[in-house]
Amino acid sequence: MKKTIKKITAVLLAVLMVAACFAGCSANKENGNTSTTPDTTKPAKFGIVVQTGANGAFVDMKDGIIDQMKANGYEDAIFDYKDAQGDVAALSTIINAMDDGSYDAIFTIGTACTQTLVNLNSETPCFFCAVSAPVQAQVITDMNQPDKNATGTSNAIPVGDIIEMGYKITPDLKKFGFVYSTSQVNAVDTVTSAQTYLDSKGVAYESATVETSADVKSAAETLIAKGCDVIFVPNDAIVQDGVAALSQVCEEAKIPAYCSSATTVNSGCLATLAIDDKGIGAKTADKCIAYMNGTALADIPSEVVGIDYCTFNAGIAKSLGIDTPSKDTIGYEIQVVNE
């Protein structure tokens, strides 16, 4: 009889434990907590999206992200890299497909990618890279207090410093010309800042906007015909695709072209004050690593990455009859390309 009572008691206890377990799960769901113990046997999975791989800077940023993640314990992680190849519809399709809950985090390189993900109100954290004006682009409200489930790095362009560097290299500049696409938020912001700076100095300027990379050459020709003796190119994926043609026009007219990306200098502009593209990728990865290690995303401030060096195109300089400047002249270390 006693054995029978013990068996019945054991069965009842087991039933109560199972019931308590189900009740706990139900309570968690009611409280919006559907988390389970992480399966540590599965590799971490990260999405990386770029608007166009034709922009070599974006590819370097992607490599910087992956290298830094692998160097900090994620060598076995899955890195799902997608290139929208400049197609807005393709970009939307890629971002929507990644927003399926299977990614630990998504890296967005550039403004358009970041806006597309943030506007989905995704539950997957967004770590943006090289968004020049995050607040103006409305991907974040406060750089120091991340919201919208996003944080990352900004390559805010030091337009005043670049313009002043230009005067140190080519002192006789009288009228600036700007080539950019109005569809690129970061480019519009950079040009607006540059124009404001020139207004404060009383320097004249003209602007020409483009819709496609095929328009870049004629835009440069139009500006030169209007008397511009220097061209400035912002970070602009559309213009970047046509910057070699712009460079050729400037060489023929014997005028310099300054820009805001080291990649664009490699493509034919004379010089810029640049960030290291792999470096900003690594800094973006550091923020994701902090999140993966348990820091709340809201406690990981966004960061404006500063100038690393001056990138100077020696081949273009020779064609224009310009000497390579010294660090003492411009105040920055000089990385010479195209010697």
# chains A, B, ... in the order shown; residues from 1 in each chain; ligands from 1
$ select_by_dssp --residues "segment 95-326 of chain A" --states "strand (DSSP E)" --output "PyMOL selection string"
chain A and resi 105-109+126-129+150-154+175-180+204-209+230-233+257-259+271-274+303-304+309-313
$ residues_around --residues "Gln138 of chain A" --least-positions-apart "4" --cutoff "10 Å" --atoms "only C-alpha atoms" --output "number ranges by chain"
A: 111, 114-115, 118-119, 133-134, 142, 148
$ residues_around --residues "Phe178 of chain A" --least-positions-apart "4" --cutoff "10 Å" --atoms "only C-alpha atoms" --output "list in words"
Val191, Ala194, Gln195, Tyr205, Glu206, Ser207, Ala208, Thr209, Ala219, Ala220, Leu223, Cys228, Val230, Ile231, Phe232, Val233, Pro234, Ala257, Tyr258 and Cys259 of chain A
$ closest_residue --among "A:Ala57, A:Ala290, A:Ile330, A:Cys129" --to "Ile163 of chain A" --atoms "only C-alpha atoms"
A:Ile330
$ atom_distance --atom1 "atom CA of Pro125 of chain A" --atom2 "atom CA of Gly152 of chain A"
10.5 Å
$ residues_around --residues "Val337 of chain A" --least-positions-apart "3" --cutoff "12 Å" --atoms "only C-alpha atoms" --output "MDAnalysis selection string"
chainID A and resid 262:272 310:318 324 334
$ closest_residue --among "A:Glu75, A:Glu252, A:Asp229, A:Asp308" --to "Lys174 of chain A" --atoms "only C-alpha atoms"
A:Asp229
$ residues_around --residues "Cys113 of chain A" --least-positions-apart "6" --cutoff "8 Å" --atoms "only C-alpha atoms" --output "list of chain:residue names"
A:Val49, A:Val50, A:Gln51, A:Leu91, A:Ile95
$ residues_around --residues "Ser132 of chain A" --least-positions-apart "4" --cutoff "12 Å" --atoms "only C-alpha atoms" --output "number ranges by chain"
A: 109-112, 114, 128, 136-139, 143, 152-159, 184-191, 193, 234-236, 260-261, 275, 280, 302-306
$ atom_distance --atom1 "atom CA of Leu198 of chain A" --atom2 "atom CA of Tyr180 of chain A"
16.8 Å
$ select_by_dssp --residues "segment 31-253 of chain A" --states "helix (DSSP H, G or I)" --output "PyMOL selection string"
chain A and resi 56-71+88-98+111-118+159-169+185-201+213-225+237-241+243-253
$ write_last_selection --atoms "C-alpha atoms" --output "tab-separated table (two decimals), in the first residue's frame"
chain	number	residue	atom	x	y	z
A	56	GLY	CA	35.54	50.22	-53.99
A	57	ALA	CA	35.35	52.00	-50.63
A	58	PHE	CA	32.25	50.00	-49.74
A	59	VAL	CA	34.02	46.73	-50.57
A	60	ASP	CA	36.96	47.71	-48.33
A	61	MET	CA	34.51	48.53	-45.53
A	62	LYS	CA	32.91	45.10	-45.94
A	63	ASP	CA	36.32	43.44	-45.74
A	64	GLY	CA	37.13	45.50	-42.63
A	65	ILE	CA	33.95	44.31	-40.95
A	66	ILE	CA	34.54	40.64	-41.70
A	67	ASP	CA	38.24	40.71	-40.78
A	68	GLN	CA	37.52	42.37	-37.42
A	69	MET	CA	34.68	39.98	-36.59
A	70	LYS	CA	36.84	36.96	-37.41
A	71	ALA	CA	39.72	38.36	-35.35
A	88	VAL	CA	16.85	50.47	-55.50
A	89	ALA	CA	14.27	47.70	-56.02
A	90	ALA	CA	16.93	45.02	-55.55
A	91	LEU	CA	18.10	46.73	-52.36
A	92	SER	CA	14.59	46.65	-50.93
A	93	THR	CA	14.21	42.97	-51.85
A	94	ILE	CA	17.53	42.08	-50.20
A	95	ILE	CA	16.76	43.94	-46.97
A	96	ASN	CA	13.26	42.50	-46.71
A	97	ALA	CA	14.59	38.97	-47.23
A	98	MET	CA	17.16	39.45	-44.45
A	111	THR	CA	23.02	55.64	-46.19
A	112	ALA	CA	20.50	54.05	-48.58
A	113	CYS	CA	20.96	50.54	-47.15
A	114	THR	CA	20.63	51.82	-43.61
A	115	GLN	CA	17.49	53.83	-44.31
A	116	THR	CA	15.87	50.82	-45.99
A	117	LEU	CA	16.46	48.55	-42.98
A	118	VAL	CA	15.65	51.11	-40.28
A	159	VAL	CA	34.41	69.73	-46.02
A	160	GLY	CA	35.97	72.88	-44.55
A	161	ASP	CA	39.24	71.07	-43.91
A	162	ILE	CA	39.26	69.56	-47.42
A	163	ILE	CA	38.62	72.94	-49.02
A	164	GLU	CA	41.40	74.57	-46.98
A	165	MET	CA	43.73	71.74	-47.93
A	166	GLY	CA	42.83	72.44	-51.55
A	167	TYR	CA	43.93	76.04	-51.18
A	168	LYS	CA	47.27	74.91	-49.72
A	169	ILE	CA	47.93	72.61	-52.68
A	185	VAL	CA	21.23	61.91	-49.17
A	186	ASN	CA	24.81	61.87	-47.95
A	187	ALA	CA	26.01	63.65	-51.11
A	188	VAL	CA	23.37	66.37	-50.78
A	189	ASP	CA	24.33	66.93	-47.15
A	190	THR	CA	28.04	67.15	-48.00
A	191	VAL	CA	27.51	69.61	-50.85
A	192	THR	CA	25.19	71.75	-48.71
A	193	SER	CA	27.84	71.89	-45.99
A	194	ALA	CA	30.54	72.79	-48.53
A	195	GLN	CA	28.41	75.55	-50.04
A	196	THR	CA	27.69	76.97	-46.59
A	197	TYR	CA	31.41	77.00	-45.88
A	198	LEU	CA	32.20	78.76	-49.17
A	199	ASP	CA	29.44	81.30	-48.50
A	200	SER	CA	31.14	82.15	-45.21
A	201	LYS	CA	34.39	82.76	-47.13
A	213	SER	CA	26.86	57.95	-64.03
A	214	ALA	CA	26.62	58.64	-67.78
A	215	ASP	CA	25.75	62.27	-66.92
A	216	VAL	CA	28.90	62.94	-64.91
A	217	LYS	CA	31.19	63.87	-67.80
A	218	SER	CA	28.78	66.42	-69.30
A	219	ALA	CA	28.10	67.87	-65.83
A	220	ALA	CA	31.82	68.51	-65.35
A	221	GLU	CA	32.08	70.08	-68.81
A	222	THR	CA	29.15	72.38	-68.02
A	223	LEU	CA	30.75	73.56	-64.78
A	224	ILE	CA	34.07	74.27	-66.46
A	225	ALA	CA	32.27	76.19	-69.21
A	237	ALA	CA	27.77	56.10	-55.51
A	238	ILE	CA	26.36	57.38	-58.82
A	239	VAL	CA	29.12	59.94	-59.41
A	240	GLN	CA	31.78	57.44	-58.36
A	241	ASP	CA	30.81	55.22	-61.29
A	243	VAL	CA	34.41	59.80	-61.89
A	244	ALA	CA	37.07	58.52	-64.32
A	245	ALA	CA	35.38	60.49	-67.09
A	246	LEU	CA	35.16	63.55	-64.83
A	247	SER	CA	38.87	63.24	-64.09
A	248	GLN	CA	39.69	63.13	-67.78
A	249	VAL	CA	37.71	66.33	-68.38
A	250	CYS	CA	39.51	68.06	-65.51
A	251	GLU	CA	42.93	66.93	-66.77
A	252	GLU	CA	42.19	68.31	-70.22
A	253	ALA	CA	41.11	71.63	-68.68
$ atom_distance --atom1 "atom CA of Gly321 of chain A" --atom2 "atom CA of Gly202 of chain A"
27.3 Å
